[in-house]
Amino acid sequence: MPEIVASRKRPAPSRTKKGTATAAKKAPPSKKRKLEVPRSETPASRVSKAPTLKAASSQGSPANSSPARSTRSYSAEADDEPYGDEADPDEDVEGDGAVYCICRKPDNGTFMIGCDGPCEDWFHGKCVSVEERDKDLIDRYICPNCTKAGVGRTAWKRVCRRSGCRKPARASKGKSGKEGSKYCSEECGVLYFREMVARTRNREDTVKNRSNRRKSSLVSTDKPDMDDDLGAKGGVLSAGEVKSLVNASKTAEDFKKLGEGVLSPPATPDGKETADLAFTEAETTALEQIRRSKEEARRRHQLLKDRMKFVTMVKQAGSRTATERDLKPKEYCGYDPRIEWTEEQFATWRDSTSGKQAFELETLAVENSGKEHTDYGGGHDVDMEGANDDSIYAQIAICDRKKCARHLEWGKLAVDDLRFEMGDNSDNMRALEKEEKDLRERAALRAKIGASFRGEGEVEVHRLDIVSGGNEEDMGVVGGENSVEAEGSDNLPPPPAAPVAGGEAMEVDAAA
Amino acid sequence: MNLPLTDPVLLAQDIPETLVARLRSSGQAVCLRFSHKGDLLASGTAKGTIAIFDLETNGVARKLKGHTAGRTVQSLSWERSGRYLLSSSIDWKVILWDLHDGSRVRSVSLGAPVYIAELHPQNHLQCVAALYEYRPVLADLSDSRVKQYALPNLPKRAPHEMDANPEKADAKHFTTVAAFTPTGSHVVTGTTKGWLNVIDVATRETIYSTRLCSKPILLIRLSSSGRDLLVNASDTIIRTIKLPDLSLPDLAADNIRLDVEHKFQDVVNRLSWNHVAFSSNADYVMASTLMNHDIYIWERGHGSLVKILEGPKEELGAVEWHPSRPFVAATGVESGRVYLWGINTPQRWSALAPDFAEVEENVEYIEKEDEFDIHPVEELQKRRLDQEDEEVDVLTVDDQQLEREGGKGGKGEEFRMPVLLDMGESDSEDEIVAIGTGQFRRKSIAQDDGDFLDGEDAVANGRAEEVVEHAGSKRRRGD
């Protein structure tokens with residue numbers, strides 16, 4: 001069709017023009033076209049636009065044709081001017097010289113947008129500050145003139161949620177009956193979530209830097225993340241965080257030393273706070289008590305272990321004696337009454353020389369009489385057998401009955417018993433430790449909240465001498481601290497918002 | 001319960017009638033004991049734990065764990081005030097529990113499985129225990145070095161009664177049960193050969209023996225007054241014996257005579273008895289049967305059977321009578337539950353308001369002239385205020401009522417077991433213990449040293465415990 005004009009000179013309009021606007025716009029120029037149809041086949045068109053005509057024709061339908069294009073076809077014929085002028089005084093039908101926009105300059109090849117109001121004029125994107133990339137987002141453009149005249153305002157479509165996508169969101173029910181969506185297309189939606197998931201400092205490089213390479217400013221990098229940023233999480237710092245750290249460190253030396261300390265999450269008990277804690281009196285006494293109980297529990301644990309060992313030794317001695325006497329194990333009881341001693345009695349024996357000896361040698365060789373006369377208490381019928389001058393060991397007779405019913409399965413019983421006691425002791429110990437931990441945490445939390453709240457933001461930098469591994473932790477949380485202090489909330493771990501805090505840190509004095 | 005409201009006919013009833021409740025705590029109950037005050041019921045399980053039920057709520061008030069796991073608890077014995085409890089088990093141990101906090105005051109191993117252990121009635125730091133295949137002991141738990149004093153197994157026999165081969169017979173002669181007299185001056189024991197011995201605690205010698213039968217004696221119980229003795233033997237005969245007052249200082253050993261008062265037996269079915277008990281005032285004797293589902297109750301005046309309690313369809317093991325009320329508890333052998341029998345008091349509507357009266361038939365009520373008058377508000381107000389001005393007597397104390405309501409604080413030390421708020425701790429019988437919501441861990445096997453490393457290291461290292469998440473719902477409730 002002849003009206004298809006070469007678009008090389010003005011690529012933008014032909015591609016970016018919106019259907020509705022142009023469709024509406026088509027009417028007047030098409031009128032002209034009809035009139036001029038025979039003319040356009042005149043040598044004028046052939047002469048000037050021959051090469052472009054071919055190119056244009058390959059472009060297809062004039063759905064997006066601009067009026068200027070059509071006018072250009074007319075303007076190709078110089079002698080059309082007076083005719084065109086008469087027909088439509090508004091539009092200057094003079095080929096490339098047609099003037100548009102508020103600037104009354106001709107089409108210079110840049111992006112233009114047509115007004116959907118009554119004037120139906122075309123405007124350069126640069127003149128009315130409409131970017132080309134937003135062209136799909138405009139629902140109904142009203143030019144500044146019409147806006148002033150009160151026709152209305154430009155209506156925009158919602159942009160797709162994914163950052164960097166300037167396509168309009170599929171706001172209403174589409175063809176296939178899908179509900180309105182925040183994304184322009186399925187792919188955008190999927191991509192959006194992928195980006196969010198991948199948005200840790202480490203991996204964001206792959207996702208964001210590509211899209212942001214064009215952008216030169218660092219600040220704009222952070223902006224899209226403001227809602228979803230989770231902080232450094234031990235990885236690469238963002239610019240805002242680095243800045244706040246720089247502000248916090250008083251000297252370059254300090255800055256260099258930042259990595260040595262251990263940082264704690266805000267407003268929660270520190271993992272490794274030590275001596276600086278001020279305990280109340282009650283807490284100090286409680287701590288002391290706990291410490292003593294723990295000592296006791298540890299000692300008891302050791303004792304129980306020794307007892308277990310003792311039982312094993314007795315069993316061994318028993319089986320040894322059985323083999324010596326050539327008896328089957330079942331026929332020889334082998335029960336040593338010392339097993340039924342209380343823990344105290346056992347502890348006493350354990351500390352005695354014979355006890356120590358037995359443990360060192362790991363054997364219970366039959367002890368000779370003439371050892372110490374330690375009184376081990378009522379293990380036996382002290383009364384019934386009268387005062388016994390012999391060493392207590394003479395009374396400790398290993399039971400050597402055959403099929404002794406009384407001491408049936410004494411071994412299993414002793415072991416089960418000790419296991420139970422050890423379990424009980426462990427539970428005790430665990431409870432004590434928990435108590436102590438809670439107590440210390442409470443004190444630490446109290447100290448931290450109380451001391452550091454000053455009503456303005458600051459960067460918390462820890463430099464502890466006791467460092468385990470010196471791992472570089474959540475420096476990003478530093479920013480989070482700022483937002484806590486600034487808002488004046490206490491005892492609530494703040495939602496980390498490092499970029500926000502980064503911004504704040506710039507304004508707030510680092511009082512560290 | 002308010003006495004004035006109770007039907008006087010019912011008050012006279014002193015035998016329980018109907019099954020009132022079924023209690024369950026995790027574990028099979030095998031022995032029972034009411035506390036002397038009657039508000040708690042202690043039960044020992046086959047697994048070695050002791051559950052204490054609160055009878056006002058029928059719930060588990062406490063669980064005591066201390067006996068070696070898997071060894072059944074053989075006997076329980078309460079101290080007068082209800083603060084201490086002595087338990088014994090076949091793991092050779094007797095444990096004295098302090099119910100103030102559920103801790104173990106003493107734990108002694110006696111060298112042999114324990115049949116029964118009883119606390120001295122006045123001194124909770126002394127107890128007597130009958131051991132398996134060993135001589136009974138009198139244990140002094142006063143300080144942590146427990147002193148054990150052996151008591152003789154053998155009966156005191158007149159020379160002419162001796163057997164031909166005394167040693168042989170005596171070797172197998174062991175004591176199966178032992179009990180203190182109410183003053184604690186003597187111990188009565190029963191043996192495997194059917195002998196009953198009276199042992200003087202001070203001298204630890206048998207001062208009197210009598211042979212009741214040839215079969216082993218299974219259980220002996222003294223009534224609270226100490227004048228009656230109940231003996232259950234393997235020959236399916238339950239004997240009641242009147243005891244002389246053994247605390248009399250001028251009692252000569254030779255003057256003691258123990259005569260059997262009644263013999264209770266089931267001649268029809270030849271049932272043997274699992275367990276026997278006196279009623280609260282020793283008027284009745286009850287027994288649970290072997291391989292049968294009933295509890296027999298005899299009356300001691302005539303020696304006749306007065307009641308057979310039925311309830312669950314299972315054999316009952318231990319039976320106990322409440323110390324003051326007509327209330328009976330029994331353990332089921334198969335299910336391990338504790339069944340409670342009592343008296344159901346029906347509602348007495350007439351007691352609820354002054355002019356309520358119970359009538360036999362429907363009566364046509366003809367209202368008075370002014371029945372439905374609408375009284376002016378002022379008058380109602382005035383009436384109300386007048387009532388408020390009535391003198392209410394809060395000072396006079398009605399002793400009877402006070403005693404009923406348990407307010408008597410004067411006599412001796414009243415101990416109330418503190419309520420344990422953290423039942424989670426003591427609740428689980430199983431391998432899995434809850435730590436935090438939805439998380440469980442296996443109970444520590446206690447072989448690892450993890451807990452005992454120095455201070456922070458232990459926490460930092462983090463023990464490799466198995467944390468089993470969502471191991472199913474393991475909450476148990478006393479039914």
# chains A, B, ... in the order shown; residues from 1 in each chain; ligands from 1
call {"tool": "residues_around", "arguments": {"residues": "B:Ser142", "least_positions_apart": "2", "cutoff": "12 Å", "atoms": "only C-alpha atoms", "output": "PyMOL selection string"}}
result
chain B and resi 96+105-108+123-127+139-140+144-148
call {"tool": "write_last_selection", "arguments": {"atoms": "N, CA and C atoms", "output": "PDB file, in the first residue's frame"}}
result
ATOM      1  N   LEU B  96      13.053 -44.076 100.811  1.00  0.00           N
ATOM      2  CA  LEU B  96      12.207 -43.189 101.591  1.00  0.00           C
ATOM      3  C   LEU B  96      12.058 -41.891 100.801  1.00  0.00           C
ATOM      4  N   VAL B 105      14.876 -39.290 100.177  1.00  0.00           N
ATOM      5  CA  VAL B 105      15.618 -38.972 101.393  1.00  0.00           C
ATOM      6  C   VAL B 105      16.710 -40.017 101.592  1.00  0.00           C
ATOM      7  N   ARG B 106      16.311 -41.282 101.488  1.00  0.00           N
ATOM      8  CA  ARG B 106      17.268 -42.376 101.645  1.00  0.00           C
ATOM      9  C   ARG B 106      16.983 -43.431 100.605  1.00  0.00           C
ATOM     10  N   SER B 107      18.031 -44.048 100.192  1.00  0.00           N
ATOM     11  CA  SER B 107      17.863 -45.179  99.300  1.00  0.00           C
ATOM     12  C   SER B 107      18.845 -46.234  99.758  1.00  0.00           C
ATOM     13  N   VAL B 108      18.345 -47.357 100.209  1.00  0.00           N
ATOM     14  CA  VAL B 108      19.238 -48.386 100.760  1.00  0.00           C
ATOM     15  C   VAL B 108      19.054 -49.678 100.010  1.00  0.00           C
ATOM     16  N   ASN B 123       8.071 -43.150 113.934  1.00  0.00           N
ATOM     17  CA  ASN B 123       9.344 -42.601 113.493  1.00  0.00           C
ATOM     18  C   ASN B 123       9.566 -42.981 112.037  1.00  0.00           C
ATOM     19  N   HIS B 124       9.524 -41.997 111.186  1.00  0.00           N
ATOM     20  CA  HIS B 124       9.631 -42.348 109.773  1.00  0.00           C
ATOM     21  C   HIS B 124      11.047 -42.700 109.369  1.00  0.00           C
ATOM     22  N   LEU B 125      11.942 -42.664 110.299  1.00  0.00           N
ATOM     23  CA  LEU B 125      13.315 -43.000 109.934  1.00  0.00           C
ATOM     24  C   LEU B 125      13.678 -44.414 110.328  1.00  0.00           C
ATOM     25  N   GLN B 126      12.677 -45.156 110.708  1.00  0.00           N
ATOM     26  CA  GLN B 126      12.929 -46.559 111.030  1.00  0.00           C
ATOM     27  C   GLN B 126      11.970 -47.411 110.251  1.00  0.00           C
ATOM     28  N   CYS B 127      12.456 -48.529 109.781  1.00  0.00           N
ATOM     29  CA  CYS B 127      11.530 -49.391 109.074  1.00  0.00           C
ATOM     30  C   CYS B 127      11.942 -50.842 109.248  1.00  0.00           C
ATOM     31  N   ALA B 139      15.851 -51.457 109.767  1.00  0.00           N
ATOM     32  CA  ALA B 139      16.802 -50.488 109.232  1.00  0.00           C
ATOM     33  C   ALA B 139      16.595 -49.144 109.896  1.00  0.00           C
ATOM     34  N   ASP B 140      17.701 -48.544 110.253  1.00  0.00           N
ATOM     35  CA  ASP B 140      17.652 -47.224 110.855  1.00  0.00           C
ATOM     36  C   ASP B 140      18.131 -46.222 109.813  1.00  0.00           C
ATOM     37  N   SER B 144      22.745 -40.924 106.781  1.00  0.00           N
ATOM     38  CA  SER B 144      22.967 -41.530 105.471  1.00  0.00           C
ATOM     39  C   SER B 144      23.694 -42.857 105.555  1.00  0.00           C
ATOM     40  N   ARG B 145      24.347 -43.086 106.688  1.00  0.00           N
ATOM     41  CA  ARG B 145      24.937 -44.415 106.838  1.00  0.00           C
ATOM     42  C   ARG B 145      23.906 -45.275 107.536  1.00  0.00           C
ATOM     43  N   VAL B 146      23.171 -45.974 106.710  1.00  0.00           N
ATOM     44  CA  VAL B 146      22.039 -46.716 107.237  1.00  0.00           C
ATOM     45  C   VAL B 146      22.530 -47.907 108.032  1.00  0.00           C
ATOM     46  N   LYS B 147      21.934 -48.076 109.178  1.00  0.00           N
ATOM     47  CA  LYS B 147      22.308 -49.238 109.977  1.00  0.00           C
ATOM     48  C   LYS B 147      21.238 -50.285 109.846  1.00  0.00           C
ATOM     49  N   GLN B 148      21.665 -51.465 109.575  1.00  0.00           N
ATOM     50  CA  GLN B 148      20.699 -52.551 109.440  1.00  0.00           C
ATOM     51  C   GLN B 148      20.892 -53.538 110.569  1.00  0.00           C
TER      52      GLN B 148
END
call {"tool": "interface_residues", "arguments": {"of": "chain A", "to": "chain B", "cutoff": "6 Å", "atoms": "only C-alpha atoms", "output": "PDB file with N, CA and C atoms, in the first residue's frame"}}
result
ATOM      1  N   ARG A 298      28.910 -33.248  88.878  1.00  0.00           N
ATOM      2  CA  ARG A 298      30.073 -33.784  88.165  1.00  0.00           C
ATOM      3  C   ARG A 298      30.772 -34.834  88.998  1.00  0.00           C
ATOM      4  N   GLU A 340      26.376 -53.332  97.295  1.00  0.00           N
ATOM      5  CA  GLU A 340      25.186 -52.709  97.860  1.00  0.00           C
ATOM      6  C   GLU A 340      25.506 -51.523  98.751  1.00  0.00           C
ATOM      7  N   GLY A 378      27.156 -49.904 107.958  1.00  0.00           N
ATOM      8  CA  GLY A 378      26.320 -51.090 108.084  1.00  0.00           C
ATOM      9  C   GLY A 378      26.174 -51.904 106.832  1.00  0.00           C
ATOM     10  N   ARG A 406      18.963 -65.675  96.238  1.00  0.00           N
ATOM     11  CA  ARG A 406      18.867 -64.322  96.769  1.00  0.00           C
ATOM     12  C   ARG A 406      19.539 -63.324  95.850  1.00  0.00           C
ATOM     13  N   ASP A 417      20.697 -50.398  87.664  1.00  0.00           N
ATOM     14  CA  ASP A 417      20.585 -49.398  88.708  1.00  0.00           C
ATOM     15  C   ASP A 417      21.515 -48.216  88.444  1.00  0.00           C
ATOM     16  N   MET A 422      22.755 -42.682  86.660  1.00  0.00           N
ATOM     17  CA  MET A 422      23.501 -41.790  85.787  1.00  0.00           C
ATOM     18  C   MET A 422      22.550 -40.947  84.937  1.00  0.00           C
ATOM     19  N   GLY A 423      21.498 -41.591  84.483  1.00  0.00           N
ATOM     20  CA  GLY A 423      20.510 -40.841  83.716  1.00  0.00           C
ATOM     21  C   GLY A 423      19.892 -39.724  84.533  1.00  0.00           C
TER      22      GLY A 423
END
call {"tool": "atom_distance", "arguments": {"atom1": "atom CA of B:His302", "atom2": "atom CA of B:Val276"}}
result
18.2 Å
call {"tool": "atom_distance", "arguments": {"atom1": "atom CA of A:Met196", "atom2": "atom CA of A:Leu237"}}
result
17.3 Å
call {"tool": "atom_distance", "arguments": {"atom1": "atom CA of A:Arg350", "atom2": "atom CA of A:Pro337"}}
result
15.0 Å
call {"tool": "residues_around", "arguments": {"residues": "A:Leu361", "least_positions_apart": "5", "cutoff": "12 Å", "atoms": "only C-alpha atoms", "output": "list in words"}}
result
Lys309, Phe310, Met313, Thr353, Ser354, Gly355 and Lys356 of chain A
